Structure formats: structure tokens, C-alpha cells
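First the structure, in the form of C-alpha cells, and then the observations on it.
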Amino acid sequence: MLQVKNLTKIYDGGVKALDNVTFDVPKGQFLAVIGLSGSGKSTLLRCINRLIDPTAGQILWDGDDITTATPEEMRRIRRKIGMVFQHFNLVHRSKVITNVLAGRLGYVNPAWSLLNRFPKEDMSKALKQLERVGIADKAHQRADELSGGQQQRVGIARALMQDPNMILADEPVASLDPVLAHSIMKHLEEINKNDGVTVLCSLHFLDLVHRYADRVIALNQGQLVFEGLPSEIDDKKFKDIYGRDAERVG
Amino acid sequence: MNDKNQKPSIWKSIRTGLIFLIVAVILAYGFEITKIDLEELRSEQRQQSLIRVTRALAQPDIFEYEKETQTFTAPVYVTCPTGGAVIAEPDTSGPYAIVTPECAEPGETVTVEGFNFFPNSTGPVRFVPGNDPTNVVELGNETALADADGHFVATLVLPNRPSEDVQFIRATMSRNVGAPKFTQTAHDTWEKIIETVFLALLATILGTLLAIPLSFIAARNLMKSVRSPLASISLSTLGWPIGIAVGILVVRMVANFTEPFTSNILVNLVSVVLIPVILTFAIRWALPQDDVASPPLGLQIARLGVLFLSALVGFFWMYQLAGLFMNVGESSTALLGSFAFLGRFLIQLGDILIVTTPVLGALAAGGVFSNFLGRIGQRASEKLNEGTVKTLNLIASAAAGATVLGLLGWLVEWLYQIGRPAYTQTGPIVVGAVLGLLLAIFTKAKDTLPTGLVIYYVTRTILNTLRSVEALVMAIVFVIAVGIGPFAGVMALGLHTIVSLAKLYSEQVESIQAGPLEAITATGANRLQTIVYAVVPQIVPPYISYTMYRWDINVRMSTIIGFVGGGGIGFLLQQNINLLNYRAASAQMIAIAVVVSIMDYVSSVMREKAV
């Protein structure tokens, strides 16, 4: 159970990215976050694992208060929250397997990991995750030799290495073509259904929202403007979320 | 803005004119200051020296030949004696020369004709004053060149040395025989150019190794997010001096303990091999691979104890390794023959280990203490209530301020020998304590301060200051510290390499992609892990590239570092220029040009391969 209460983020320049946002996410839900570019979706997801420190408000996750966690506690919380990024954020010059193993960094002993030593179980686990996303044969290639879709799968495998209870996906398919988008979304869906991992996924396309999400929240200029089922988004709601001049595509 | 439509105004023209005028005045003043004077260039004396030097430079002293020489001393009378000159017929079986006329007045010209000399030989034909044909004194600077038959004709103006007795004219004709050989200068140059190349190599390696860690602290994007509460900062500041003192003490104890065991090569060998095995097991136990849950306190303390013992054993190992190097080096130097330098290398390595172990130990202990106390401070300000943290802040911050300023005062005292404790000891300590107190009073108890940025600015300032000091100037200082020779050069170039590479490197760190950094942080990795997994892979190519570039610079710098006694070829070059031995200087300049262009090529090839 993730509870976000009155979350507000004001950047140094005075930009209000999040404005008093409150919502709950029950365990195991697939929550889509929609809204225009710059509406605060990325900021919201990054506040949840404190890559960005919120200005005010509270985030509770399974009883832990994320907003007041000390750096050490935050590390322990972060390792149970996987994150998938729009631009994949792989380390290009490292091998695929190293990128995947990086998901274990919160668990392994820092001293050993600095020497690039991982326990044997982690090695086999990394290969298993790559198999799960269907690119086991690429394990020893450099990450930048892979295509976009393959890179995003590596990103998912990295998140899976964390044994996450929750995955934050920040526009995971925005840089991919529609076919690849569906294959990536299917992986997230499968993780959500089979492993019971909560997924918070920001999306641009409403057809993806209808197809994959259990529930939707929508942001407009940092404010929560909609919360409910995907099927409840009618034309009026759509205009509320995306503005008067917006037209539906797809 | 519609400048296009504006008509050219008179003011614009005046402004342009004024700018030209100002530029002209600046240039004129520059000429005055730099004493540009072509008249000097046109003077006879300058031109002659210039020609002499240029010709010498064009004939580098690299090759020489064995010489074969033939000498003939022909009699001549300066002022004809009464009754005419009587000259005996020369022996025509060997080389000989005839002077015509046989007598003449001073200042008159005589012709010297030589026969039967070596074909194509050359040499001076000079007047020998006095009546002794073996006199080594010669006057004049005529040179003769024999033709293929060994015949030459030279003219000579007789000097003002009138005498009743017979005097002489000597022809010393020589020619090259056999294959060309390298001159002594060429040998010296070769030796020194090798020294130069290795000087540059060592300075680059040393500089690169130390610049890498520095570059991370001098990178804004990595340091910006480092913030710690005041208690943590103060305690970790206190940790450094305490840790360094403890470290030096402990390492010294280990050194004393190790002393009796280092002389035997067998003991060396056994401990050098055995200790790493034991240490591996100990460290594996003390640093478990997973930390899924926090272990109980007792186990944590036991692990800390084992790590401490491991550190002690590690220092013991380093001393044993040093002993092994020195013993093996000493006993093998005699056996290795021309590879004796390998043995000497081992001895030096051992010596370096012995010198650096206490330093490393002190730094390591300082780091560990500082880290440990810092963590305690961090934990305290997270867990304790506001009032307690405030009290802790007040005490720790005052103590830290007093310590830092006290140490600075001690440094000032040491440098300037003021000898007034009120200024250099009690004063700074009191001021430091007050400053610390003020900081603690005006900081909210649990607020975090931007430690990272402070460290960043301090590091940057030190780097920039040191970088502005030329390596040549540094060499002068190091010559005083370690004596004239290439070692001083290595230290000076190495230091300059550290500071300039650290700056270049840190700029590369600042320009990496932020995405991977964010992704690795999101996995729960700590700061060091983030650097190793997200930063390091991104900076490898530019780091290699910059190291090559620096290696290039160092080769060029090392050729002149010898001018101030820093070893390498510059020493020879400067010496020969001062001795007006331009042919030798020319050889050295050619060597420098060749080496620099080869290095240039090699480094560009390597850079292409690596990136």
C-alpha cells in the first residue's frame, strides 16, 4: 500500500511541479499516470523514490515514511523499488549483464561490488531475468549495441534484479514504436500479474492506458485532476486533463 | 532593433578611428616595452655571430671519422736575410710543400704549394713562429684542400714576426678513413634522451594515478548533492587528525614488530604468499557479500575487530613485501649482469614501500576514523532529539573549529617562526572554537550543510593555484628538496600533471550523461557504487585521451626541465649552449625534435585505438 498525502514540490526557480497531490495505490495495482508533458508526472514518480526531495507532504509505503527516511534508510527502501526510464538510462559502455547486475547494488556488500564481484546466485539470477525478458543471448554485448526495445528490456531486467515490491515506470514506451511499446507493456503487465508487483506507470497514449491499467490518475499543472477507472475517461474528462484544444487520437 | 536601416553616422566613424588610434598606441607601447629594434639585427657583430651559430647548428655533432694526418713543415724567412735565403731541397719521397718566394717581408703574401699529400685531404696551413720546427704555436687561419693527386696551392699573409733565423710554415692535412662513428656527444645525447622519455613516462603515470581520485572531488555534479548535518561534519573533521595520529603510531608499532623478520628472504617469501590467503578468508568473513538484514551488534563488533586485525596484518605484509623486494634485489643485482637495473628497481620499490606505508597507514586510519565518527554524528542527529543534537553540535563544532585553526596556527608558526603562542596557538584555538560555536548556534540542529560544495570549491581553488605554477618553477623547488637530477624532474612534472589532469578529468565527469547516474542511484546503490557503476564507464575514453595528451606535453616539458637541474636532455642542451658548443647543442635539438614527433605519432595512434 502506497499512500501519497498532500505532496507538493516547488523547484528552486519557483516552478510548482506538484500541487497538493493525494492518492493511494493498493498493493499489486497497475496504476497509470497521465497528463501533458510538464504536468508533473516525472516529478511525482521521482518523489516516490526520493530521487527528488519533495517540498511538503508525506509518502507512506507499507508503514515506512519515505519523506523522512535517513539516507541509509532510503537506500534500503530504494532497493525494493525498481525504476524504468523513458531513455532506458543504461550505462552504454558496460556489458548488458553488468547493467543488469547493477540492480543488486543495494543488496551486495559495497566493498566487494566496487571490485565488480557479485555473488554466484546474483550472476545466475541476472541471466534468468534476461531470459525472462527474452534477450539472454545479448548478455555479453555492450549495452549501446542493442536496439531501443532491447535496451528497455535490459532496463526492466535491472529493475527485476532488485526483487522489487513496486516498479516506477517513467514513460517506458515513449521512445519506442507501437509494436515494441506493446511488448514492453506486456512485460510490465506480466510482472504485475504474476509477481504481484505494484506498478506506477506514466503513459501518453490512452489506448495503452485502457489496455493495461487497473486505475488511472491524471495530473494537470501539478494538480490531481482525475482519479478512477480507465473506462471513466469520457470526452469531458479528457478535456479537463489535456486542455480544451486537445483532440483524441488513438 | 533595426540596425540595417540606420545610416552610417559620423559618430560611428569617429569611434572606429578612435579604436584604431588606441590599438596603434598600445602596439607602440608594446614595441617600446619589448625593445623591438631591427638596427641591432643589422649590426656587423650580431650578423657574424648569427652566421657562426647557424652554421654550427647546421652541422650537428653526431658522426665522426677516424682521421689520418700528414704534416710537413716548410722553412721560410721573414725579412730576407743578407745574402739571400738558402733553403734545402725537401724530401720528395713523402708529402712536401714549397714556399715561394722563400723569403718575404711581414705583410707580404707567399704561396704554399703542397705535393704528395693524401688525395682530397684538408687541413690548416699556418705560420709557425720561432726557429723550432716542432713549435706547436701556429698563426693564421688559412685552410688548404688537396685535389685527387694530393696537390694543393694556398696563399698566406706573413705575420709581423721578423727574424734573422729560419722560420716555418706548417701544413697539417688530414682525411677521413673507415665508416662514420657516433661521437661522444651523440652517446651522451642518446643516454639523456632515454632519461627524458622515462622522466615523462613516470611523471605521467604518477600524475594520472593521483589525478583520478581528485577529479571526482573536483566534479560539481557529484559533490553538489553531498550534504551532512553539522554534528557529522564536525566529528569527521576531528576524525582526521586523530586517525592520522593513531595510524602513524600503529604503523610504527607494526614496523618495529616486523623489523627482526624482514632480513630473512625465506621468512619474507612465506609471509608474502601466506598472508594474502589468510586475509582473503578473514575479509570474506568480515565483509559478507549480501547485507539483506542488519547483523546483531556482537557480530558487527567482531567483524570490526577482524577488519582491524586484517589491517595490521596488511601493514605487516607490506613491510615483508618491501623486505622481500630489497633482499631479492640485493642478492640478484650481482647475478643479473647488464640487467642489474631490474635488481636496483626492486630495491627502490622496496624503499618506496617502506616510505609510503606509514603515509598510507596514516591516511587510511584518518579516513576510517573520520568516516566512523562522521557516521556516529549522522546517526546521532537522525535519532536523538533536537536539544541533544544542538548540544552535540555546539561541543563538536567548537572542538572541530579549534582543531582546524590550531593546526593552521601550528603550520604558520612552523613556516614563519613567530614564536608568540598568543598569535599562533592559543589565539587560533580560541577563535576556532568561537567560530565553531557561532556556526552551531546559527545552524538549525538537524539541518544539513553543503559539505560537498565546500570540498569542491576548496579542491578547485587548490588545483587552480597549483596549476598556475609552471612545472619549471616547481622543478626548482624540487631540485632543492631532492637534489639535481631526473628525480626532481619527475616530482615536478608529476605534480603539475596531477593538478592539470585533475581539472581536465573533472570537467569530463561534469559532462557525463545524468541518466545512468539516476538509474543506479534508484537501485539503492551508495555514492561510491554509483561512481564506479555509472560514472567510471562513461569517463574511460576521455580519460585515456587526456592522459595521452598529457604524456605528449610531458615529453616536451621534460626536454627543458633540465634547464633548472631537473634531469633529462635539457641539462646537456643548456650546458652546451653556455659553452658555445653549438654543434653539440644542435645534436640535442635534433634528438628532441625526433623524440617529440615520434611521441606525437605514437600517442595519436594509441588515442585512436583506445577511444
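Ligands are numbered from 1 in the order shown, residues from 1 within each chain, and chains are lettered A, B, ... in the order they appear in the C-alpha cells.
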Using only C-alpha atoms, I'd like a table of the residues in chain A that come within 9 Å of chain B; for each, show the closest atom pair and its distance in Å rounded to one decimal, ordered by chain and ascending number, as CSV.
residue,atom,partner,partner_atom,distance
A:Asn49,CA,B:Ala522,CA,7.1
A:Arg50,CA,B:Ala522,CA,8.6
A:Leu51,CA,B:Ala522,CA,7.0
A:Thr70,CA,B:Glu382,CA,7.0
A:Glu72,CA,B:Asn526,CA,8.8
A:Met74,CA,B:Gly524,CA,7.6
A:Arg75,CA,B:Gly524,CA,4.4
A:Arg76,CA,B:Gly524,CA,6.4
A:Ile77,CA,B:Gly524,CA,7.5
A:Arg78,CA,B:Gly524,CA,4.9
A:Arg79,CA,B:Gly524,CA,4.6
A:Lys80,CA,B:Thr523,CA,8.0
A:Ile81,CA,B:Thr523,CA,7.4
A:Gly82,CA,B:Thr523,CA,6.6
A:Met83,CA,B:Ala522,CA,6.7
A:Val84,CA,B:Ala519,CA,8.1
A:Phe85,CA,B:Ala519,CA,7.9
A:His87,CA,B:Gly515,CA,7.7
A:Phe88,CA,B:Gly515,CA,8.1
A:Asn89,CA,B:Pro516,CA,4.6
A:Leu90,CA,B:Pro516,CA,5.6
A:Val91,CA,B:Pro516,CA,5.6
A:His92,CA,B:Gln538,CA,7.7
A:Arg93,CA,B:Pro537,CA,5.9
A:Ser94,CA,B:Pro537,CA,6.4
A:Thr98,CA,B:Tyr533,CA,8.6
A:Asn99,CA,B:Tyr533,CA,8.4
A:Ala102,CA,B:Ile520,CA,6.9
A:Gly103,CA,B:Thr523,CA,5.5
A:Arg104,CA,B:Thr523,CA,7.3
A:Leu105,CA,B:Ala525,CA,5.0
A:Gly106,CA,B:Gly524,CA,4.4
A:Tyr107,CA,B:Asp290,CA,5.7
A:Val108,CA,B:Asp290,CA,4.3
A:Asn109,CA,B:Gln289,CA,4.8
A:Pro110,CA,B:Gln529,CA,6.7
A:Ala111,CA,B:Leu287,CA,7.5
A:Trp112,CA,B:Gln289,CA,6.8
A:Ser113,CA,B:Gln529,CA,7.3
A:Leu114,CA,B:Gln529,CA,6.2
A:Leu115,CA,B:Val532,CA,9.0
A:Asn116,CA,B:Tyr533,CA,9.0
A:Arg117,CA,B:Gln289,CA,8.8
A:Phe118,CA,B:Gln289,CA,7.5
A:Pro119,CA,B:Gln289,CA,6.6
A:Arg158,CA,B:Thr523,CA,8.6
A:Ala159,CA,B:Thr523,CA,7.6
A:Gln162,CA,B:Thr523,CA,7.0
>> If we count only C-alpha atoms and set the cut-off at 8 Å, which residues sit around A:Leu200, ignoring sequence neighbours fewer than 3 positions away in its own chain? Please answer as JSON, numbers by chain.
In response: {"A": [30, 31, 32, 33, 45, 166, 167, 168, 169]}
> Using the chain letters and numbers from this document, which residues of stretch 155-282 of chain B does DSSP assign to alpha helix (DSSP H), as a VMD selection string?
Replying inline: chain B and resid 184 to 217 220 to 223 230 to 258 265 to 282
> Which residues, written as number ranges by chain, have at least one atom at most 12 Å from B:Gln348, with only C-alpha atoms counted and residues fewer than 3 positions away on the same chain left out?
Replying inline: B: 322-330, 341-345, 351-356
>> Write out as a ChimeraX atom specification the set of residues from stretch 194-231 of chain A that DSSP, computed on the backbone, places in strand (DSSP E).
In response: /A:198-202,215-220,223-228
>> List as a PyMOL selection string the protein and nucleic acid residues near stretch 504-509 of chain B, meaning an atom at most 8 Å away when only C-alpha atoms are counted, but skip any in the same chain fewer than 5 places from it.
In response: chain B and resi 211-212+215-219+221+535+539+542-543+546
>> List as a count of residues only the protein and nucleic acid residues near A:Trp61, meaning an atom at most 8 Å away when only C-alpha atoms are counted, but skip any in the same chain fewer than 6 places from it.
In response: 3
> Which residues come within 7 Å of stretch 456-458 of chain B, counting only C-alpha atoms, excluding same-chain residues fewer than 2 positions away, as a VMD selection string?
Replying inline: chain B and resid 217 to 220 223 452 to 454 460 to 462
> Which value, in Å to one decimal, gives the distance between atom CA of B:Ser93 and atom CA of B:Arg175?
Replying inline: 19.6 Å
